[in-house]
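Colleague: my_file-v3.txt is reproduced below (compact mmCIF, C-alpha atoms).
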# COMPACT_ATOMS: atom_id res chain seq x y z
CA MET A 1 92.11 89.00 99.19
CA ARG A 2 93.19 92.52 98.32
CA ARG A 3 91.91 93.78 101.65
CA THR A 4 93.77 90.96 103.40
CA ARG A 5 97.03 91.98 101.73
CA ILE A 6 96.57 95.66 102.62
CA GLY A 7 95.70 94.71 106.20
CA HIS A 8 98.83 92.62 106.31
CA LEU A 9 100.85 95.58 105.06
CA ALA A 10 99.42 97.95 107.64
CA ALA A 11 99.96 95.60 110.58
CA ALA A 12 103.47 94.65 109.58
CA ALA A 13 104.33 98.27 108.87
CA ALA A 14 103.56 99.20 112.45
CA ILE A 15 105.83 96.42 113.70
CA THR A 16 108.58 97.34 111.28
CA PHE A 17 108.53 101.02 112.16
CA SER A 18 109.12 100.27 115.84
CA THR A 19 111.73 97.54 115.41
CA LEU A 20 113.78 98.84 112.51
CA THR A 21 113.80 102.63 112.85
CA ALA A 22 116.89 102.52 115.03
CA GLN A 23 118.77 100.88 112.15
CA ALA A 24 117.43 103.17 109.41
CA LEU A 25 119.76 105.30 107.33
CA VAL A 26 120.10 108.97 108.25
CA ALA A 27 119.29 111.05 105.17
CA PRO A 28 118.75 114.73 104.35
CA ALA A 29 115.12 115.75 104.63
CA ALA A 30 113.23 116.45 101.43
CA PRO A 31 110.62 119.17 100.99
CA ALA A 32 106.94 118.33 100.69
CA ALA A 33 106.27 116.89 97.24
CA SER A 34 104.82 119.11 94.54
CA GLY A 35 103.72 118.13 91.06
CA CYS A 36 106.35 117.33 88.46
CA PRO A 37 106.34 119.74 85.50
CA ASP A 38 105.49 116.80 83.26
CA ALA A 39 102.90 115.22 85.59
CA ARG A 40 100.49 112.88 83.83
CA SER A 41 96.96 111.54 84.13
CA PRO A 42 96.99 107.73 84.46
CA VAL A 43 94.98 105.65 81.99
CA VAL A 44 93.74 102.09 82.61
CA VAL A 45 95.30 99.67 80.11
CA GLY A 46 94.60 96.30 81.69
CA SER A 47 93.38 94.35 84.68
CA VAL A 48 93.60 90.93 86.29
CA PRO A 49 90.34 90.57 88.27
CA GLY A 50 90.88 89.17 91.75
CA ALA A 51 94.68 89.31 91.53
CA VAL A 52 97.09 91.06 93.88
CA LEU A 53 99.85 92.15 91.51
CA GLU A 54 103.39 92.25 92.87
CA GLY A 55 105.82 92.02 89.93
CA ALA A 56 105.76 93.40 86.39
CA THR A 57 108.05 93.42 83.36
CA VAL A 58 107.78 93.70 79.56
CA ASP A 59 109.55 91.55 76.96
CA ALA A 60 111.11 92.65 73.67
CA ALA A 61 107.81 92.02 71.84
CA GLY A 62 105.94 94.45 74.10
CA ARG A 63 104.12 91.78 76.11
CA LEU A 64 103.52 92.56 79.80
CA TYR A 65 104.08 89.91 82.48
CA VAL A 66 102.75 90.25 86.03
CA THR A 67 102.69 88.08 89.15
CA ASP A 68 99.75 87.39 91.45
CA LEU A 69 100.94 87.37 95.05
CA VAL A 70 98.01 85.25 96.23
CA SER A 71 97.75 82.48 93.63
CA GLY A 72 101.43 82.39 92.68
CA ARG A 73 100.54 82.71 88.99
CA VAL A 74 102.58 84.44 86.32
CA LEU A 75 100.30 86.04 83.72
CA ARG A 76 100.87 87.63 80.31
CA LEU A 77 99.00 90.48 78.62
CA ASP A 78 99.87 90.67 74.92
CA ARG A 79 98.80 94.30 74.49
CA PRO A 80 96.89 97.03 76.35
CA GLY A 81 93.28 95.94 76.81
CA ALA A 82 94.02 92.25 76.28
CA ALA A 83 92.94 89.60 78.75
CA ALA A 84 95.58 88.22 81.09
CA VAL A 85 96.67 84.69 80.24
CA PRO A 86 98.29 82.51 82.97
CA ILE A 87 101.54 80.99 81.73
CA ALA A 88 103.04 79.46 84.88
CA THR A 89 102.70 79.12 88.66
CA VAL A 90 105.54 79.30 91.13
CA PRO A 91 105.81 76.05 93.12
CA SER A 92 105.27 77.33 96.64
CA GLY A 93 103.18 80.46 96.16
CA GLY A 94 103.81 84.08 97.01
CA ALA A 95 104.92 85.13 93.52
CA GLY A 96 107.02 88.30 93.72
CA GLY A 97 109.49 90.20 91.58
CA LEU A 98 110.19 89.64 87.89
CA ALA A 99 113.38 90.11 85.86
CA TRP A 100 114.98 88.76 82.68
CA ALA A 101 117.92 86.37 82.76
CA PRO A 102 120.64 86.68 80.10
CA ASP A 103 119.40 83.46 78.45
CA GLY A 104 115.95 85.02 77.90
CA SER A 105 114.13 83.14 80.64
CA LEU A 106 111.87 85.04 83.01
CA LEU A 107 113.07 84.99 86.61
CA VAL A 108 110.22 84.93 89.14
CA GLY A 109 110.65 85.45 92.86
CA TYR A 110 108.64 83.33 95.28
CA GLY A 111 108.01 83.55 99.02
CA ALA A 112 106.71 87.13 98.85
CA ASP A 113 103.73 86.16 101.03
CA ALA A 114 103.63 85.93 104.86
CA ARG A 115 107.08 84.31 104.78
CA VAL A 116 108.64 87.75 104.33
CA LEU A 117 108.00 88.44 108.03
CA THR A 118 110.53 85.79 109.06
CA GLY A 119 112.56 85.71 105.87
CA ASP A 120 115.81 86.98 107.37
CA VAL A 121 115.81 83.99 109.73
CA THR A 122 114.12 81.21 107.75
CA ARG A 123 115.41 82.17 104.28
CA SER A 124 112.59 80.21 102.70
CA ALA A 125 112.23 82.30 99.55
CA GLY A 126 113.84 81.84 96.17
CA ILE A 127 113.67 82.27 92.42
CA VAL A 128 112.50 80.08 89.55
CA ALA A 129 113.17 80.50 85.83
CA VAL A 130 110.21 80.33 83.44
CA ASP A 131 110.34 79.60 79.73
CA VAL A 132 107.69 82.07 78.55
CA THR A 133 107.04 80.06 75.38
CA SER A 134 106.44 76.65 76.92
CA GLY A 135 105.60 77.71 80.48
CA ALA A 136 108.18 75.29 81.84
CA VAL A 137 109.41 76.17 85.33
CA ARG A 138 112.82 75.21 86.66
CA PRO A 139 114.60 76.00 89.95
CA PHE A 140 117.05 78.89 89.83
CA ALA A 141 117.99 79.81 93.43
CA SER A 142 116.80 79.19 96.98
CA GLY A 143 117.71 80.27 100.50
CA LEU A 144 116.83 83.96 100.10
CA SER A 145 115.09 86.17 102.64
CA ALA A 146 112.56 87.18 99.97
CA ALA A 147 112.36 88.22 96.34
CA ASN A 148 109.84 91.07 96.37
CA GLY A 149 112.13 92.94 93.99
CA LEU A 150 114.54 91.46 91.45
CA ALA A 151 117.25 92.99 89.27
CA VAL A 152 119.77 91.33 86.96
CA ALA A 153 123.20 92.75 86.10
CA GLY A 154 124.84 92.42 82.70
CA ASP A 155 126.96 89.50 83.88
CA GLY A 156 123.90 87.61 85.13
CA THR A 157 124.23 88.47 88.84
CA VAL A 158 120.76 88.66 90.43
CA TYR A 159 119.73 90.85 93.37
CA ALA A 160 116.64 90.21 95.55
CA THR A 161 114.97 92.27 98.30
CA ASN A 162 112.62 91.90 101.29
CA ASP A 163 110.48 94.88 102.35
CA PHE A 164 109.68 93.27 105.72
CA GLY A 165 113.25 92.29 106.52
CA SER A 166 116.76 93.71 106.36
CA LEU A 167 118.65 91.32 104.09
CA VAL A 168 119.30 92.03 100.41
CA GLY A 169 120.36 88.85 98.63
CA ARG A 170 122.63 88.22 95.68
CA VAL A 171 122.86 85.21 93.36
CA LEU A 172 126.15 84.94 91.48
CA PRO A 173 126.34 83.73 87.86
CA ASN A 174 127.73 80.40 89.11
CA GLY A 175 124.60 79.89 91.22
CA VAL A 176 126.09 80.73 94.62
CA VAL A 177 123.48 82.39 96.85
CA GLN A 178 124.56 85.16 99.24
CA ALA A 179 121.39 85.79 101.23
CA ASP A 180 123.03 88.48 103.37
CA TRP A 181 124.97 90.28 100.64
CA ALA A 182 123.75 93.65 102.04
CA VAL A 183 121.76 94.83 105.04
CA LEU A 184 119.22 97.60 104.53
CA PRO A 185 115.98 97.66 106.57
CA SER A 186 112.81 97.36 104.48
CA ALA A 187 114.55 97.44 101.09
CA ASN A 188 111.95 96.93 98.38
CA GLY A 189 111.97 96.82 94.62
CA ALA A 190 115.29 96.61 92.79
CA ALA A 191 116.72 98.58 89.88
CA LEU A 192 120.32 98.66 88.68
CA SER A 193 121.99 101.73 87.25
CA ALA A 194 122.95 101.50 83.57
CA ASP A 195 126.55 100.67 84.50
CA ASP A 196 125.52 98.17 87.23
CA ARG A 197 127.48 100.18 89.81
CA TYR A 198 124.46 100.85 92.04
CA LEU A 199 121.42 98.87 93.12
CA TYR A 200 118.54 101.27 93.80
CA VAL A 201 115.83 100.22 96.28
CA SER A 202 112.85 101.80 97.97
CA ARG A 203 112.73 101.86 101.77
CA THR A 204 109.11 100.95 102.38
CA PHE A 205 108.51 101.06 106.13
CA ALA A 206 111.79 101.94 107.85
CA ASP A 207 112.74 105.58 107.18
CA PRO A 208 110.73 105.64 103.92
CA GLY A 209 112.64 106.86 100.90
CA VAL A 210 115.12 105.62 98.30
CA SER A 211 118.66 104.30 98.74
CA ARG A 212 121.34 103.08 96.39
CA ILE A 213 123.76 100.31 97.32
CA PRO A 214 127.20 100.30 95.64
CA THR A 215 127.51 96.84 94.13
CA ALA A 216 131.25 96.91 94.81
CA ASN A 217 130.76 98.00 98.44
CA PRO A 218 127.40 96.75 99.76
CA GLY A 219 128.27 97.69 103.33
CA ALA A 220 128.03 101.40 102.47
CA PRO A 221 124.48 102.10 101.22
CA GLU A 222 123.72 105.72 100.35
CA SER A 223 120.39 107.44 100.94
CA VAL A 224 119.17 109.34 97.89
CA VAL A 225 116.03 110.80 99.42
CA THR A 226 113.95 110.51 102.59
CA PHE A 227 110.25 111.19 102.24
CA THR A 228 108.72 113.69 104.64
CA GLY A 229 105.34 115.14 105.55
CA GLY A 230 102.43 112.99 104.42
CA ASP A 231 104.77 110.95 102.25
CA VAL A 232 106.40 109.39 105.32
CA ILE A 233 103.52 106.88 105.44
CA ALA A 234 103.20 106.49 101.67
CA ALA A 235 104.89 103.03 101.66
CA PRO A 236 107.12 103.33 98.57
CA ASP A 237 107.26 100.07 96.65
CA GLY A 238 108.72 98.54 93.47
CA LEU A 239 110.67 101.35 91.84
CA VAL A 240 112.16 101.67 88.37
CA LEU A 241 114.80 103.99 86.86
CA ASP A 242 113.71 106.29 84.03
CA PRO A 243 115.83 106.82 80.88
CA GLN A 244 117.74 109.58 82.70
CA GLY A 245 118.55 107.22 85.57
CA ARG A 246 116.12 108.87 88.01
CA PRO A 247 114.21 106.62 90.44
CA VAL A 248 110.45 106.56 89.86
CA VAL A 249 108.59 105.13 92.84
CA PRO A 250 105.01 103.87 93.28
CA THR A 251 103.38 104.17 96.69
CA ASP A 252 101.02 101.67 98.30
CA VAL A 253 99.19 104.03 100.63
CA SER A 254 99.19 107.54 99.15
CA GLY A 255 98.61 106.34 95.60
CA GLN A 256 101.22 108.69 94.17
CA ILE A 257 103.94 107.97 91.64
CA LEU A 258 107.00 109.90 92.85
CA ARG A 259 110.04 110.81 90.78
CA VAL A 260 113.35 111.52 92.49
CA ASP A 261 114.97 114.37 90.54
CA GLY A 262 118.16 114.54 92.63
CA PRO A 263 119.49 114.14 96.17
CA GLY A 264 116.75 115.16 98.58
CA ARG A 265 114.42 116.27 95.74
CA TYR A 266 111.29 114.57 94.45
CA CYS A 267 108.00 115.42 92.80
CA VAL A 268 104.62 113.81 92.08
CA LEU A 269 104.45 112.38 88.58
CA ALA A 270 100.92 110.97 88.99
CA SER A 271 98.36 110.49 91.77
CA GLY A 272 95.05 108.82 92.53
CA LEU A 273 96.46 105.27 92.34
CA PRO A 274 96.26 103.72 95.84
CA MET A 275 97.65 100.19 96.24
CA SER A 276 100.33 100.77 93.60
CA SER A 277 102.98 98.07 94.00
CA VAL A 278 105.33 98.13 91.01
CA LEU A 279 106.38 100.09 87.92
CA THR A 280 107.93 98.96 84.66
CA TYR A 281 108.82 100.58 81.37
CA GLY A 282 107.57 99.25 78.06
CA ASN A 283 109.68 97.54 75.43
CA GLY A 284 109.62 96.96 71.69
CA ASP A 285 107.57 98.70 69.00
CA ALA A 286 104.12 97.28 69.75
CA GLY A 287 101.88 96.40 72.68
CA PHE A 288 103.29 97.77 75.92
CA SER A 289 105.87 99.60 73.85
CA ALA A 290 109.12 101.37 74.66
CA GLY A 291 109.04 104.86 76.14
CA ARG A 292 105.86 104.26 78.15
CA LEU A 293 105.61 103.75 81.92
CA PHE A 294 103.20 101.22 83.42
CA ARG A 295 101.93 100.71 86.95
CA ALA A 296 100.50 97.50 88.45
CA GLY A 297 98.93 97.24 91.88
CA PHE A 298 97.39 95.20 94.63
CA ASP A 299 94.02 96.15 93.13
CA GLY A 300 94.75 94.02 90.05
CA ALA A 301 94.71 97.07 87.78
CA ILE A 302 97.36 98.16 85.27
CA TYR A 303 97.72 101.81 84.27
CA GLU A 304 99.86 103.71 81.83
CA VAL A 305 101.35 106.65 83.73
Give the structure from this file in structure tokens form.

Modeller:
Amino acid sequence: MRRTRIGHLAAAAAITFSTLTAQALVAPAAPAASGCPDARSPVVVGSVPGAVLEGATVDAAGRLYVTDLVSGRVLRLDRPGAAAVPIATVPSGGAGGLAWAPDGSLLVGYGADARVLTGDVTRSAGIVAVDVTSGAVRPFASGLSAANGLAVAGDGTVYATNDFGSLVGRVLPNGVVQADWAVLPSANGAALSADDRYLYVSRTFADPGVSRIPTANPGAPESVVTFTGGDVIAAPDGLVLDPQGRPVVPTDVSGQILRVDGPGRYCVLASGLPMSSVLTYGNGDAGFSAGRLFRAGFDGAIYEV
């Protein structure tokens, strides 16, 4: 199944490059990536055999949650080295991004499977809310292009992305769904700045790099960096912001973890991790604890970076 997913990525990437490049943002070129001064050696801390991991997040107790794109399962790992325990399954498959709602429920995107290819037209994706204690699943939002990446603002507004489309969706606190809140080709992942003023996304296939979308002016996205050289085919995926607010980006193809240090500047924080799909920081004092960065991938493996 992992090979099927990667084949799907490669084929769709070729289509996306040809059809969306004309719409891509123009950004200053960045130099070829060199190693970050604080580059790290990744360490395996968990695995979900047979899974294709798409989303990841950590709760206040330091427990890691991941989604399996193929089975639609949401799984929990209580600490590094622990076995993954399924806690829920999204109703229609294609489990995608993860994020926490203000009420403590876990928001899970669905429709991150082959539906992403027609998501802008069919809008068949959505979000469910999972009670991580009972495993109960309830509808949260529908009618989105996709929910490969999810981010939640302080007021409960939710943002959702589609790496194979152009629409970035928004769900307001009153439940209103705006599937076409912003337009940015191949936006992937989702991370809000500390003040919620900017939504950061990776551009996976169209003009690969990182953009930020002003939440008060979604029609004016700003490119932060455009990847060049060998990194132009790296396929940046589910990014996260570090404690300094810098985007840290996993790559599907090159297997690098890239950190954006400023406009047009980036470096390699870690390498040797092909099929990396998403990053998340730890939380709490135990388990997958605060101050530590974790990577999950289409290979079912979880690393501390």

Colleague: Identify, on the basis of all atoms listed in the file, every residue whose closest approach to region 174-178 of chain A does not exceed 10 Å; exclude the query and any residue fewer than 5 positions from it along the same chain; express the result as a PDB file with C-alpha atoms, keeping the file's coordinate frame.

Modeller:
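As a result, selection29.pdb now contains:
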ATOM      1  CA  GLY A 126     113.840  81.840  96.170  1.00  0.00           C
ATOM      2  CA  PHE A 140     117.050  78.890  89.830  1.00  0.00           C
ATOM      3  CA  ALA A 141     117.990  79.810  93.430  1.00  0.00           C
ATOM      4  CA  SER A 142     116.800  79.190  96.980  1.00  0.00           C
ATOM      5  CA  GLY A 143     117.710  80.270 100.500  1.00  0.00           C
ATOM      6  CA  LEU A 144     116.830  83.960 100.100  1.00  0.00           C
ATOM      7  CA  GLY A 156     123.900  87.610  85.130  1.00  0.00           C
ATOM      8  CA  THR A 157     124.230  88.470  88.840  1.00  0.00           C
ATOM      9  CA  VAL A 158     120.760  88.660  90.430  1.00  0.00           C
ATOM     10  CA  TYR A 159     119.730  90.850  93.370  1.00  0.00           C
ATOM     11  CA  LEU A 167     118.650  91.320 104.090  1.00  0.00           C
ATOM     12  CA  VAL A 168     119.300  92.030 100.410  1.00  0.00           C
ATOM     13  CA  GLY A 169     120.360  88.850  98.630  1.00  0.00           C
TER      14      GLY A 169
END

Colleague: I'd like to know which of A:Val225, A:Val201, A:Ala190, A:Leu53 is closest to Pro263 (chain A), using all atoms listed in the file.

Modeller: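 So, comparing all the options, the nearest one is A:Val225.
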
Colleague: When distances are computed from all atoms listed in the file, which of A:Ala39, A:Ala112, A:Ala179, A:Val224 shows the smallest separation from Val52 (chain A)?

Modeller: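 Looking only at the distances to Val52 (chain A), the closest residue turns out to be A:Ala112.
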
Colleague: Using all atoms listed in the file and a cutoff of 12 Å, can you tell me which residues are near (118.9, 90.7, 96.9) in the file's coordinates, and write them out as a CSV table (one decimal) with C-alpha atoms, in the coordinates of the input?

Modeller:
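And here's out21.csv as it stands now:
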chain,number,residue,atom,x,y,z
A,97,GLY,CA,109.5,90.2,91.6
A,109,GLY,CA,110.6,85.4,92.9
A,120,ASP,CA,115.8,87.0,107.4
A,123,ARG,CA,115.4,82.2,104.3
A,125,ALA,CA,112.2,82.3,99.6
A,126,GLY,CA,113.8,81.8,96.2
A,127,ILE,CA,113.7,82.3,92.4
A,141,ALA,CA,118.0,79.8,93.4
A,142,SER,CA,116.8,79.2,97.0
A,143,GLY,CA,117.7,80.3,100.5
A,144,LEU,CA,116.8,84.0,100.1
A,145,SER,CA,115.1,86.2,102.6
A,146,ALA,CA,112.6,87.2,100.0
A,147,ALA,CA,112.4,88.2,96.3
A,148,ASN,CA,109.8,91.1,96.4
A,149,GLY,CA,112.1,92.9,94.0
A,150,LEU,CA,114.5,91.5,91.4
A,151,ALA,CA,117.2,93.0,89.3
A,152,VAL,CA,119.8,91.3,87.0
A,153,ALA,CA,123.2,92.8,86.1
A,157,THR,CA,124.2,88.5,88.8
A,158,VAL,CA,120.8,88.7,90.4
A,159,TYR,CA,119.7,90.8,93.4
A,160,ALA,CA,116.6,90.2,95.6
A,161,THR,CA,115.0,92.3,98.3
A,162,ASN,CA,112.6,91.9,101.3
A,163,ASP,CA,110.5,94.9,102.4
A,165,GLY,CA,113.2,92.3,106.5
A,166,SER,CA,116.8,93.7,106.4
A,167,LEU,CA,118.6,91.3,104.1
A,168,VAL,CA,119.3,92.0,100.4
A,169,GLY,CA,120.4,88.8,98.6
A,170,ARG,CA,122.6,88.2,95.7
A,171,VAL,CA,122.9,85.2,93.4
A,172,LEU,CA,126.2,84.9,91.5
A,177,VAL,CA,123.5,82.4,96.8
A,178,GLN,CA,124.6,85.2,99.2
A,179,ALA,CA,121.4,85.8,101.2
A,180,ASP,CA,123.0,88.5,103.4
A,181,TRP,CA,125.0,90.3,100.6
A,182,ALA,CA,123.8,93.6,102.0
A,183,VAL,CA,121.8,94.8,105.0
A,184,LEU,CA,119.2,97.6,104.5
A,186,SER,CA,112.8,97.4,104.5
A,187,ALA,CA,114.6,97.4,101.1
A,188,ASN,CA,112.0,96.9,98.4
A,189,GLY,CA,112.0,96.8,94.6
A,190,ALA,CA,115.3,96.6,92.8
A,191,ALA,CA,116.7,98.6,89.9
A,192,LEU,CA,120.3,98.7,88.7
A,199,LEU,CA,121.4,98.9,93.1
A,200,TYR,CA,118.5,101.3,93.8
A,201,VAL,CA,115.8,100.2,96.3
A,213,ILE,CA,123.8,100.3,97.3
A,215,THR,CA,127.5,96.8,94.1
A,218,PRO,CA,127.4,96.8,99.8

Colleague: Need the neighbours of (109.6, 75.4, 82.0): which residues are at most 12 Å away, counting only C-alpha atoms, as a compact mmCIF listing (two decimals) with C-alpha atoms, in the coordinates of the input?

Modeller:
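Ended up saving to result.txt:
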# COMPACT_ATOMS: atom_id res chain seq x y z
CA ILE A 87 101.54 80.99 81.73
CA ALA A 88 103.04 79.46 84.88
CA THR A 89 102.70 79.12 88.66
CA VAL A 90 105.54 79.30 91.13
CA PRO A 91 105.81 76.05 93.12
CA SER A 105 114.13 83.14 80.64
CA LEU A 106 111.87 85.04 83.01
CA LEU A 107 113.07 84.99 86.61
CA VAL A 108 110.22 84.93 89.14
CA VAL A 128 112.50 80.08 89.55
CA ALA A 129 113.17 80.50 85.83
CA VAL A 130 110.21 80.33 83.44
CA ASP A 131 110.34 79.60 79.73
CA VAL A 132 107.69 82.07 78.55
CA THR A 133 107.04 80.06 75.38
CA SER A 134 106.44 76.65 76.92
CA GLY A 135 105.60 77.71 80.48
CA ALA A 136 108.18 75.29 81.84
CA VAL A 137 109.41 76.17 85.33
CA ARG A 138 112.82 75.21 86.66
CA PRO A 139 114.60 76.00 89.95
CA PHE A 140 117.05 78.89 89.83

Colleague: Calculated over all atoms listed in the file, which of the candidates A:Ala51, A:Ala194, A:Leu98, A:Ala33 has the smallest distance to Ser71 (chain A)?

Modeller: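 The closest residue to Ser71 (chain A) is A:Ala51.
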
Colleague: Quick one, how far is CA of Gly46 (chain A) from CA of Val268 (chain A)?

Modeller: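 Computed distance, CA of Gly46 (chain A) to CA of Val268 (chain A), equals 22.7 Å.
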
Colleague: Which distance in Å separates CA of Asp299 (chain A) and CA of Pro49 (chain A), to one decimal?

Modeller: 8.3 Å

Colleague: Rounded to one decimal place, report the CA of Ile302 (chain A)-CA of Ser276 (chain A) distance in Å.

Modeller: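 Computing it gives 9.2 Å between the two atoms.
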
Colleague: Measuring atom to atom with all atoms listed in the file, identify which of A:Gly284, A:Pro80, A:Pro42, A:Pro236 is nearest to Ser254 (chain A).

Modeller: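 Ranked by minimum distance to Ser254 (chain A), first place goes to A:Pro236.
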
Colleague: With all atoms listed in the file as the atoms that count, which of A:Ile233, A:Val253, A:Ala60, A:Val240 lies nearest to Phe298 (chain A)?

Modeller: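 Ranking A:Ile233, A:Val253, A:Ala60, A:Val240 by distance to Phe298 (chain A), first place goes to A:Val253.
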